[in-house]
file query.cif (mmCIF, C-alpha atoms)
data_my_file
loop_
_atom_site.group_PDB
_atom_site.id
_atom_site.type_symbol
_atom_site.label_atom_id
_atom_site.label_comp_id
_atom_site.auth_asym_id
_atom_site.auth_seq_id
_atom_site.Cartn_x
_atom_site.Cartn_y
_atom_site.Cartn_z
ATOM 1 C CA MET A 1 -24.540 16.919 21.942
ATOM 2 C CA SER A 2 -27.480 14.531 22.056
ATOM 3 C CA LYS A 3 -27.803 12.268 25.078
ATOM 4 C CA ALA A 4 -27.458 9.255 22.812
ATOM 5 C CA ALA A 5 -24.137 10.476 21.401
ATOM 6 C CA LYS A 6 -22.843 11.312 24.875
ATOM 7 C CA LYS A 7 -23.731 7.845 26.116
ATOM 8 C CA VAL A 8 -22.012 6.092 23.199
ATOM 9 C CA LEU A 9 -18.862 8.180 23.637
ATOM 10 C CA GLU A 10 -18.714 7.640 27.409
ATOM 11 C CA GLU A 11 -19.115 3.896 26.976
ATOM 12 C CA ALA A 12 -16.342 3.822 24.381
ATOM 13 C CA ILE A 13 -13.982 5.749 26.653
ATOM 14 C CA GLN A 14 -14.721 3.485 29.623
ATOM 15 C CA SER A 15 -14.593 0.180 27.732
ATOM 16 C CA GLY A 16 -11.742 0.961 25.372
ATOM 17 C CA ASN A 17 -13.861 -0.253 22.464
ATOM 18 C CA PRO A 18 -11.874 0.542 19.276
ATOM 19 C CA GLU A 19 -15.037 0.856 17.142
ATOM 20 C CA LEU A 20 -17.212 3.912 17.679
ATOM 21 C CA ASP A 21 -20.592 4.253 15.971
ATOM 22 C CA LEU A 22 -22.127 7.737 16.130
ATOM 23 C CA GLN A 23 -24.449 7.611 13.141
ATOM 24 C CA GLU A 24 -27.707 9.585 13.191
ATOM 25 C CA LYS A 25 -26.918 11.440 16.423
ATOM 26 C CA GLN A 26 -27.704 14.988 15.186
ATOM 27 C CA ILE A 27 -24.068 16.008 15.602
ATOM 28 C CA THR A 28 -23.182 19.371 14.061
ATOM 29 C CA THR A 29 -19.567 19.685 15.199
ATOM 30 C CA LEU A 30 -16.987 17.344 16.679
ATOM 31 C CA GLU A 31 -16.422 19.929 19.395
ATOM 32 C CA GLU A 32 -19.669 18.579 20.857
ATOM 33 C CA LEU A 33 -17.785 15.351 21.596
ATOM 34 C CA PRO A 34 -15.082 16.183 24.154
ATOM 35 C CA GLY A 35 -12.437 13.513 24.300
ATOM 36 C CA LEU A 36 -13.307 11.958 20.944
ATOM 37 C CA LEU A 37 -10.242 13.233 19.123
ATOM 38 C CA SER A 38 -7.983 11.982 21.908
ATOM 39 C CA LEU A 39 -9.014 8.337 21.550
ATOM 40 C CA GLU A 40 -5.846 7.002 19.973
ATOM 41 C CA ASN A 41 -7.090 3.418 20.269
ATOM 42 C CA ILE A 42 -10.007 4.008 17.861
ATOM 43 C CA THR A 43 -9.734 1.943 14.663
ATOM 44 C CA ARG A 44 -13.212 2.562 13.259
ATOM 45 C CA LEU A 45 -15.233 5.784 13.467
ATOM 46 C CA THR A 46 -18.722 6.109 11.970
ATOM 47 C CA LEU A 47 -20.291 9.565 11.799
ATOM 48 C CA THR A 48 -22.814 9.009 9.011
ATOM 49 C CA HIS A 49 -26.160 10.816 8.692
ATOM 50 C CA ASN A 50 -25.288 13.785 10.915
ATOM 51 C CA ARG A 51 -24.986 17.545 10.245
ATOM 52 C CA LEU A 52 -21.226 18.041 10.301
ATOM 53 C CA THR A 53 -19.941 20.966 8.232
ATOM 54 C CA ILE A 54 -16.213 20.727 8.961
ATOM 55 C CA ILE A 55 -13.726 18.113 10.124
ATOM 56 C CA PRO A 56 -11.076 19.624 12.424
ATOM 57 C CA PRO A 57 -7.346 19.089 11.793
ATOM 58 C CA ALA A 58 -7.190 17.192 15.097
ATOM 59 C CA ILE A 59 -8.738 14.198 13.305
ATOM 60 C CA ALA A 60 -5.082 13.338 12.704
ATOM 61 C CA ASN A 61 -4.767 12.489 16.411
ATOM 62 C CA LEU A 62 -6.628 9.239 15.756
ATOM 63 C CA VAL A 63 -3.397 7.592 14.691
ATOM 64 C CA ASN A 64 -4.756 4.028 14.663
ATOM 65 C CA LEU A 65 -7.846 4.802 12.613
ATOM 66 C CA GLU A 66 -8.420 2.282 9.832
ATOM 67 C CA ILE A 67 -12.005 3.074 8.795
ATOM 68 C CA LEU A 68 -13.558 6.558 8.710
ATOM 69 C CA ASN A 69 -17.134 6.953 7.505
ATOM 70 C CA LEU A 70 -18.458 10.508 7.070
ATOM 71 C CA PHE A 71 -21.215 9.690 4.567
ATOM 72 C CA ASP A 72 -24.241 12.006 4.400
ATOM 73 C CA ASN A 73 -23.210 15.151 6.221
ATOM 74 C CA ILE A 74 -22.827 18.699 4.859
ATOM 75 C CA ILE A 75 -19.027 18.862 4.932
ATOM 76 C CA GLU A 76 -17.584 21.526 2.628
ATOM 77 C CA GLU A 77 -13.889 21.003 3.293
ATOM 78 C CA LEU A 78 -11.516 18.362 4.645
ATOM 79 C CA PRO A 79 -8.334 19.265 6.566
ATOM 80 C CA THR A 80 -4.964 18.626 4.934
ATOM 81 C CA SER A 81 -3.987 16.696 8.073
ATOM 82 C CA ILE A 82 -6.389 13.886 7.212
ATOM 83 C CA SER A 83 -3.827 12.298 4.894
ATOM 84 C CA SER A 84 -1.480 11.774 7.858
ATOM 85 C CA LEU A 85 -3.739 8.934 9.039
ATOM 86 C CA ASN A 86 -1.191 6.341 7.999
ATOM 87 C CA LYS A 87 -3.287 3.298 8.906
ATOM 88 C CA LEU A 88 -6.476 4.419 7.154
ATOM 89 C CA ARG A 89 -7.759 1.734 4.780
ATOM 90 C CA ILE A 90 -11.325 2.893 4.079
ATOM 91 C CA LEU A 91 -12.538 6.483 3.750
ATOM 92 C CA ASN A 92 -16.120 7.393 2.861
ATOM 93 C CA VAL A 93 -16.937 11.077 2.402
ATOM 94 C CA GLY A 94 -19.836 10.493 0.016
ATOM 95 C CA MET A 95 -22.927 12.712 -0.040
ATOM 96 C CA ASN A 96 -21.385 15.895 1.282
ATOM 97 C CA ARG A 97 -20.667 19.323 -0.232
ATOM 98 C CA LEU A 98 -17.017 18.992 -1.133
ATOM 99 C CA ASP A 99 -15.700 21.022 -4.065
ATOM 100 C CA ALA A 100 -12.181 19.677 -3.735
ATOM 101 C CA LEU A 101 -9.970 17.212 -1.887
ATOM 102 C CA PRO A 102 -7.216 18.792 0.229
ATOM 103 C CA ARG A 103 -3.603 19.304 -0.756
ATOM 104 C CA GLY A 104 -1.460 16.224 -0.210
ATOM 105 C CA PHE A 105 -4.472 13.908 -0.196
ATOM 106 C CA GLY A 106 -2.636 11.315 -2.285
ATOM 107 C CA SER A 107 -0.143 10.490 0.469
ATOM 108 C CA PHE A 108 -2.262 7.866 2.281
ATOM 109 C CA PRO A 109 0.096 4.865 2.335
ATOM 110 C CA VAL A 110 -2.417 1.998 2.710
ATOM 111 C CA LEU A 111 -5.794 3.427 1.613
ATOM 112 C CA GLU A 112 -7.739 0.701 -0.198
ATOM 113 C CA VAL A 113 -11.261 2.103 -0.592
ATOM 114 C CA LEU A 114 -12.103 5.749 -1.274
ATOM 115 C CA ASP A 115 -15.681 6.923 -1.776
ATOM 116 C CA PHE A 116 -16.475 10.563 -2.515
ATOM 117 C CA THR A 117 -19.674 9.894 -4.451
ATOM 118 C CA TYR A 118 -22.252 12.680 -4.657
ATOM 119 C CA ASN A 119 -20.182 15.800 -4.095
ATOM 120 C CA ASN A 120 -19.231 18.715 -6.377
ATOM 121 C CA ILE A 121 -15.657 17.736 -7.246
ATOM 122 C CA SER A 122 -14.197 18.209 -10.711
ATOM 123 C CA GLU A 123 -10.835 17.884 -12.447
ATOM 124 C CA GLY A 124 -8.198 20.580 -12.114
ATOM 125 C CA GLU A 125 -8.237 22.217 -8.704
ATOM 126 C CA GLY A 126 -10.724 19.651 -7.392
ATOM 127 C CA LEU A 127 -8.018 17.002 -7.115
ATOM 128 C CA PRO A 128 -4.585 17.616 -5.555
ATOM 129 C CA GLY A 129 -1.468 17.061 -7.628
ATOM 130 C CA ASN A 130 -0.571 13.795 -5.926
ATOM 131 C CA PHE A 131 -4.069 12.278 -6.034
ATOM 132 C CA PHE A 132 -3.212 9.576 -8.555
ATOM 133 C CA MET A 133 -0.302 8.406 -6.407
ATOM 134 C CA LEU A 134 -2.774 6.389 -4.312
ATOM 135 C CA GLU A 135 -1.359 3.137 -5.655
ATOM 136 C CA SER A 136 -2.812 1.056 -2.831
ATOM 137 C CA LEU A 137 -6.419 1.827 -3.874
ATOM 138 C CA ARG A 138 -8.553 -1.173 -4.823
ATOM 139 C CA ALA A 139 -11.867 0.668 -5.143
ATOM 140 C CA LEU A 140 -12.489 4.279 -6.187
ATOM 141 C CA TYR A 141 -16.022 5.650 -6.138
ATOM 142 C CA MET A 142 -16.257 9.126 -7.685
ATOM 143 C CA GLY A 143 -19.739 9.033 -9.197
ATOM 144 C CA ASP A 144 -22.204 11.923 -9.068
ATOM 145 C CA ASN A 145 -19.596 14.667 -9.240
ATOM 146 C CA ASP A 146 -18.686 17.174 -11.961
ATOM 147 C CA PHE A 147 -15.811 15.533 -13.848
ATOM 148 C CA GLU A 148 -15.609 16.215 -17.582
ATOM 149 C CA VAL A 149 -12.282 14.462 -18.078
ATOM 150 C CA LEU A 150 -10.258 11.840 -16.259
ATOM 151 C CA SER A 151 -6.502 12.273 -16.026
ATOM 152 C CA PRO A 152 -4.269 9.777 -17.888
ATOM 153 C CA GLU A 153 -2.486 9.447 -14.549
ATOM 154 C CA ILE A 154 -5.275 7.043 -13.558
ATOM 155 C CA LYS A 155 -2.853 4.392 -14.866
ATOM 156 C CA ASN A 156 -0.789 4.833 -11.678
ATOM 157 C CA MET A 157 -3.618 3.292 -9.647
ATOM 158 C CA LYS A 158 -2.536 -0.116 -10.864
ATOM 159 C CA ASN A 159 -4.282 -2.060 -8.094
ATOM 160 C CA LEU A 160 -7.759 -0.724 -8.887
ATOM 161 C CA GLN A 161 -10.418 -3.411 -9.129
ATOM 162 C CA ILE A 162 -13.462 -1.101 -9.009
ATOM 163 C CA LEU A 163 -13.729 2.278 -10.736
ATOM 164 C CA CYS A 164 -17.056 4.082 -10.482
ATOM 165 C CA LEU A 165 -17.428 7.197 -12.645
ATOM 166 C CA ARG A 166 -21.195 7.161 -13.132
ATOM 167 C CA ASP A 167 -23.312 10.311 -13.413
ATOM 168 C CA ASN A 168 -20.571 12.842 -14.022
ATOM 169 C CA ASP A 169 -20.082 15.040 -17.108
ATOM 170 C CA LEU A 170 -17.370 12.900 -18.730
ATOM 171 C CA VAL A 171 -16.907 13.574 -22.435
ATOM 172 C CA ALA A 172 -13.960 11.207 -22.880
ATOM 173 C CA LEU A 173 -12.006 8.474 -21.149
ATOM 174 C CA PRO A 174 -8.215 8.288 -21.462
ATOM 175 C CA ARG A 175 -6.672 5.301 -23.221
ATOM 176 C CA GLU A 176 -4.730 4.662 -20.018
ATOM 177 C CA VAL A 177 -7.822 3.121 -18.383
ATOM 178 C CA GLY A 178 -6.919 0.093 -20.470
ATOM 179 C CA GLU A 179 -3.707 -0.278 -18.430
ATOM 180 C CA LEU A 180 -5.674 -1.063 -15.251
ATOM 181 C CA THR A 181 -5.251 -4.799 -15.715
ATOM 182 C CA ARG A 182 -6.803 -5.706 -12.353
ATOM 183 C CA LEU A 183 -10.000 -3.787 -13.039
ATOM 184 C CA ARG A 184 -13.133 -5.922 -12.708
ATOM 185 C CA GLU A 185 -15.830 -3.251 -12.381
ATOM 186 C CA LEU A 186 -16.168 -0.163 -14.543
ATOM 187 C CA HIS A 187 -19.209 2.080 -14.061
ATOM 188 C CA ILE A 188 -19.464 4.876 -16.633
ATOM 189 C CA GLN A 189 -23.234 5.152 -17.065
ATOM 190 C CA GLY A 190 -24.938 8.534 -17.140
ATOM 191 C CA ASN A 191 -22.169 10.658 -18.676
ATOM 192 C CA ARG A 192 -21.690 12.477 -22.005
ATOM 193 C CA LEU A 193 -19.520 9.801 -23.612
ATOM 194 C CA GLU A 194 -19.786 9.131 -27.337
ATOM 195 C CA VAL A 195 -16.850 6.751 -27.851
ATOM 196 C CA LEU A 196 -14.652 4.440 -25.783
ATOM 197 C CA PRO A 197 -10.901 3.877 -26.086
ATOM 198 C CA PRO A 198 -10.269 0.538 -27.871
ATOM 199 C CA GLU A 199 -7.866 -0.392 -25.066
ATOM 200 C CA ILE A 200 -10.823 -0.987 -22.735
ATOM 201 C CA GLY A 201 -11.631 -4.021 -24.852
ATOM 202 C CA HIS A 202 -8.652 -5.837 -23.348
ATOM 203 C CA LEU A 203 -9.866 -5.572 -19.747
ATOM 204 C CA ASP A 204 -11.565 -8.448 -17.931
ATOM 205 C CA LEU A 205 -14.980 -6.860 -17.389
ATOM 206 C CA LEU A 206 -17.231 -9.765 -18.334
ATOM 207 C CA GLY A 207 -16.468 -12.463 -15.748
ATOM 208 C CA SER A 208 -18.929 -13.759 -13.147
ATOM 209 C CA ARG A 209 -17.596 -11.259 -10.610
ATOM 210 C CA SER A 210 -17.226 -8.414 -13.073
ATOM 211 C CA CYS A 211 -19.468 -5.490 -13.964
ATOM 212 C CA PHE A 212 -19.453 -3.161 -16.961
ATOM 213 C CA ARG A 213 -22.149 -0.447 -16.916
ATOM 214 C CA LEU A 214 -22.290 2.009 -19.800
ATOM 215 C CA GLU A 215 -25.929 2.886 -20.419
ATOM 216 C CA GLY A 216 -27.220 6.446 -20.422
ATOM 217 C CA ASN A 217 -24.556 7.931 -22.713
ATOM 218 C CA PRO A 218 -25.014 9.481 -26.193
ATOM 219 C CA TRP A 219 -22.950 6.773 -27.909
ATOM 220 C CA VAL A 220 -22.056 6.800 -31.594
ATOM 221 C CA PRO A 221 -24.339 4.389 -33.498
ATOM 222 C CA MET A 222 -21.714 1.661 -33.670
ATOM 223 C CA ILE A 223 -21.579 1.390 -29.860
ATOM 224 C CA ALA A 224 -25.298 2.024 -29.347
ATOM 225 C CA ASP A 225 -26.213 -0.844 -31.665
ATOM 226 C CA GLN A 226 -23.929 -3.300 -29.893
ATOM 227 C CA LEU A 227 -25.061 -2.167 -26.466
ATOM 228 C CA LEU A 228 -28.593 -3.248 -27.366
ATOM 229 C CA LEU A 229 -27.181 -6.786 -27.570
ATOM 230 C CA GLY A 230 -25.241 -6.484 -24.304
ATOM 231 C CA PRO A 231 -21.894 -5.322 -22.872
ATOM 232 C CA SER A 232 -20.096 -8.416 -24.181
ATOM 233 C CA HIS A 233 -20.895 -7.343 -27.737
ATOM 234 C CA VAL A 234 -19.485 -3.888 -26.999
ATOM 235 C CA MET A 235 -16.270 -5.448 -25.690
ATOM 236 C CA ASP A 236 -15.916 -7.573 -28.844
ATOM 237 C CA MET A 237 -16.501 -4.513 -31.021
ATOM 238 C CA LEU A 238 -13.822 -2.479 -29.196
ATOM 239 C CA ARG A 239 -11.228 -5.012 -30.328
ATOM 240 C CA ASN A 240 -12.001 -4.934 -34.040
ATOM 241 C CA GLU A 241 -10.194 -2.776 -36.575
ATOM 242 C CA SER A 242 -13.298 -1.090 -37.965
ATOM 243 C CA TYR A 243 -14.125 0.358 -34.548
ATOM 244 C CA LYS A 244 -10.559 1.566 -34.044
ATOM 245 C CA PHE A 245 -10.943 3.544 -37.275
ATOM 246 C CA VAL A 246 -14.253 5.046 -36.083
ATOM 247 C CA TYR A 247 -12.697 5.957 -32.728
ATOM 248 C CA GLN A 248 -9.664 7.634 -34.260
ATOM 249 C CA ARG A 249 -11.810 9.582 -36.713
ATOM 250 C CA HIS A 250 -14.090 10.781 -33.917
ATOM 251 C CA ILE A 251 -11.142 11.924 -31.784
ATOM 252 C CA SER A 252 -9.398 13.686 -34.663
ATOM 253 C CA THR A 253 -12.465 15.691 -35.745
ATOM 254 C CA GLY A 254 -12.647 17.437 -32.351
ATOM 255 C CA SER A 255 -16.409 17.817 -32.515
ATOM 256 C CA GLN A 256 -18.354 19.620 -29.793
ATOM 257 C CA PRO A 257 -19.360 17.283 -26.934
ATOM 258 C CA PRO A 258 -23.021 16.838 -25.991
ATOM 259 C CA PRO A 259 -24.383 19.600 -23.712
ATOM 260 C CA LYS A 260 -24.431 19.383 -19.934
ATOM 261 C CA ASN A 261 -27.650 18.757 -18.060
ATOM 262 C CA TYR A 262 -27.416 21.793 -15.789
ATOM 263 C CA GLU A 263 -30.932 21.382 -14.477
ATOM 264 C CA ALA A 264 -30.247 17.918 -13.100
ATOM 265 C CA LYS A 265 -26.935 19.012 -11.597
ATOM 266 C CA ASN A 266 -28.448 21.992 -9.838
ATOM 267 C CA ARG A 267 -31.053 19.766 -8.183
ATOM 268 C CA LYS A 268 -28.370 17.834 -6.320
ATOM 269 C CA VAL A 269 -28.587 18.110 -2.541
ATOM 270 C CA SER A 270 -24.810 18.553 -2.505
ATOM 271 C CA ARG A 271 -25.201 22.003 -4.064
ATOM 272 C CA LYS A 272 -24.811 24.828 -1.564
ATOM 273 C CA ARG A 273 -28.035 26.733 -1.040
ATOM 274 C CA ASP A 274 -28.948 29.885 0.843
ATOM 275 C CA THR A 275 -30.767 29.076 4.068
ATOM 276 C CA ALA A 276 -32.586 32.401 4.177
#
call {"tool": "encode", "arguments": {"input": "query.cif", "output": "structure tokens"}}
result
Amino acid sequence: MSKAAKKVLEEAIQSGNPELDLQEKQITTLEELPGLLSLENITRLTLTHNRLTIIPPAIANLVNLEILNLFDNIIEELPTSISSLNKLRILNVGMNRLDALPRGFGSFPVLEVLDFTYNNISEGEGLPGNFFMLESLRALYMGDNDFEVLSPEIKNMKNLQILCLRDNDLVALPREVGELTRLRELHIQGNRLEVLPPEIGHLDLLGSRSCFRLEGNPWVPMIADQLLLGPSHVMDMLRNESYKFVYQRHISTGSQPPPKNYEAKNRKVSRKRDTA
């Protein structure tokens, strides 16, 4: 443990400070921090920009934790016990090496913000069966992963205001995204999308506090032409009958999706590499 980390931890233990900031302390394991996982008073724990590879199950001892930030480590797996943090509101595990979220992950009762941007997670075994039961979520950041499809169960996250899906491998979006009536930001740029469900046209994505990003996809000409004029023109187009016909025809033909960009994916720092 670095002297700086030791000093911060000792001060937190002595003062009873509920917010502990251990960013950029060259920490490789939480075992270097004796007493940390016994601090039941901690409400905020920041461990960003370190070298952690695992998070021990004892993280569940921090029963009052509300904010946990593990951004930019080299974590390959999270413990199943993490979802027993019943007061957790914000969890950031972005820029790590996660291939999957643990079993039972969807049981956080009050989680509002979840960020697992820039990992290696995909549909199927990458997400636990109860993932879309996180009804309390307001913001979900899952960009820069390996998703090709998004489950229709996304509709269960009815409180979502921000959904970031940028820079994945998405070839389609489910119609059920249109049921997220509170959604104000939708980021789908940098995927393999050719069409959009018409239902998205009924969302409020054009207000002063809204954001709709859809560039960097191989859109059918009808969308590409409107996108040149701006997202508002795309939204208008999604609501007209001629587009609905184009969409249905595209879906029914079952054509091959655009190819993946394997080269770009393999350059990601989240990919595991031999150290030899």
call {"tool": "residues_around", "arguments": {"input": "query.cif", "residues": "Asp236 of chain A", "least_positions_apart": "3", "cutoff": "12 Å", "atoms": "all atoms listed in the file", "output": "short mmCIF file (atom, residue, chain, number, x, y, z; two decimals) with C-alpha atoms, keeping the file's coordinate frame"}}
result
data_model
loop_
_atom_site.label_atom_id
_atom_site.label_comp_id
_atom_site.auth_asym_id
_atom_site.auth_seq_id
_atom_site.Cartn_x
_atom_site.Cartn_y
_atom_site.Cartn_z
CA PRO A 198 -10.27 0.54 -27.87
CA GLU A 199 -7.87 -0.39 -25.07
CA ILE A 200 -10.82 -0.99 -22.74
CA GLY A 201 -11.63 -4.02 -24.85
CA HIS A 202 -8.65 -5.84 -23.35
CA LEU A 203 -9.87 -5.57 -19.75
CA ASP A 204 -11.56 -8.45 -17.93
CA LEU A 205 -14.98 -6.86 -17.39
CA LEU A 206 -17.23 -9.76 -18.33
CA MET A 222 -21.71 1.66 -33.67
CA ILE A 223 -21.58 1.39 -29.86
CA GLN A 226 -23.93 -3.30 -29.89
CA LEU A 227 -25.06 -2.17 -26.47
CA LEU A 229 -27.18 -6.79 -27.57
CA GLY A 230 -25.24 -6.48 -24.30
CA PRO A 231 -21.89 -5.32 -22.87
CA SER A 232 -20.10 -8.42 -24.18
CA HIS A 233 -20.90 -7.34 -27.74
CA ARG A 239 -11.23 -5.01 -30.33
CA ASN A 240 -12.00 -4.93 -34.04
CA GLU A 241 -10.19 -2.78 -36.58
CA SER A 242 -13.30 -1.09 -37.97
CA TYR A 243 -14.12 0.36 -34.55
CA LYS A 244 -10.56 1.57 -34.04
#
call {"tool": "closest_residue", "arguments": {"input": "query.cif", "among": "A:Glu10, A:Phe71, A:Glu40, A:Met157", "to": "Ala58 of chain A", "atoms": "only C-alpha atoms"}}
result
A:Glu40
call {"tool": "closest_residue", "arguments": {"input": "query.cif", "among": "A:Asn191, A:Asn17, A:Asn120, A:Ser84", "to": "Val171 of chain A", "atoms": "only C-alpha atoms"}}
result
A:Asn191
call {"tool": "resolve_selection", "arguments": {"input": "query.cif", "expression": "the PyMOL selection byres ((chain A and resi 73-82) around 8)", "output": "PyMOL selection string"}}
result
chain A and resi 48-60+70-72+83-85+95-105+270
call {"tool": "resolve_selection", "arguments": {"input": "query.cif", "expression": "the PyMOL selection byres ((chain A and resi 138-148) around 8)", "output": "ChimeraX atom specification"}}
result
/A:112-123,136-137,149-150,159-172
call {"tool": "atom_distance", "arguments": {"input": "query.cif", "atom1": "atom CA of Leu127 of chain A", "atom2": "atom CA of Gly106 of chain A"}}
result
9.2 Å
call {"tool": "atom_distance", "arguments": {"input": "query.cif", "atom1": "atom CA of Gln26 of chain A", "atom2": "atom CA of Asn266 of chain A"}}
result
26.0 Å
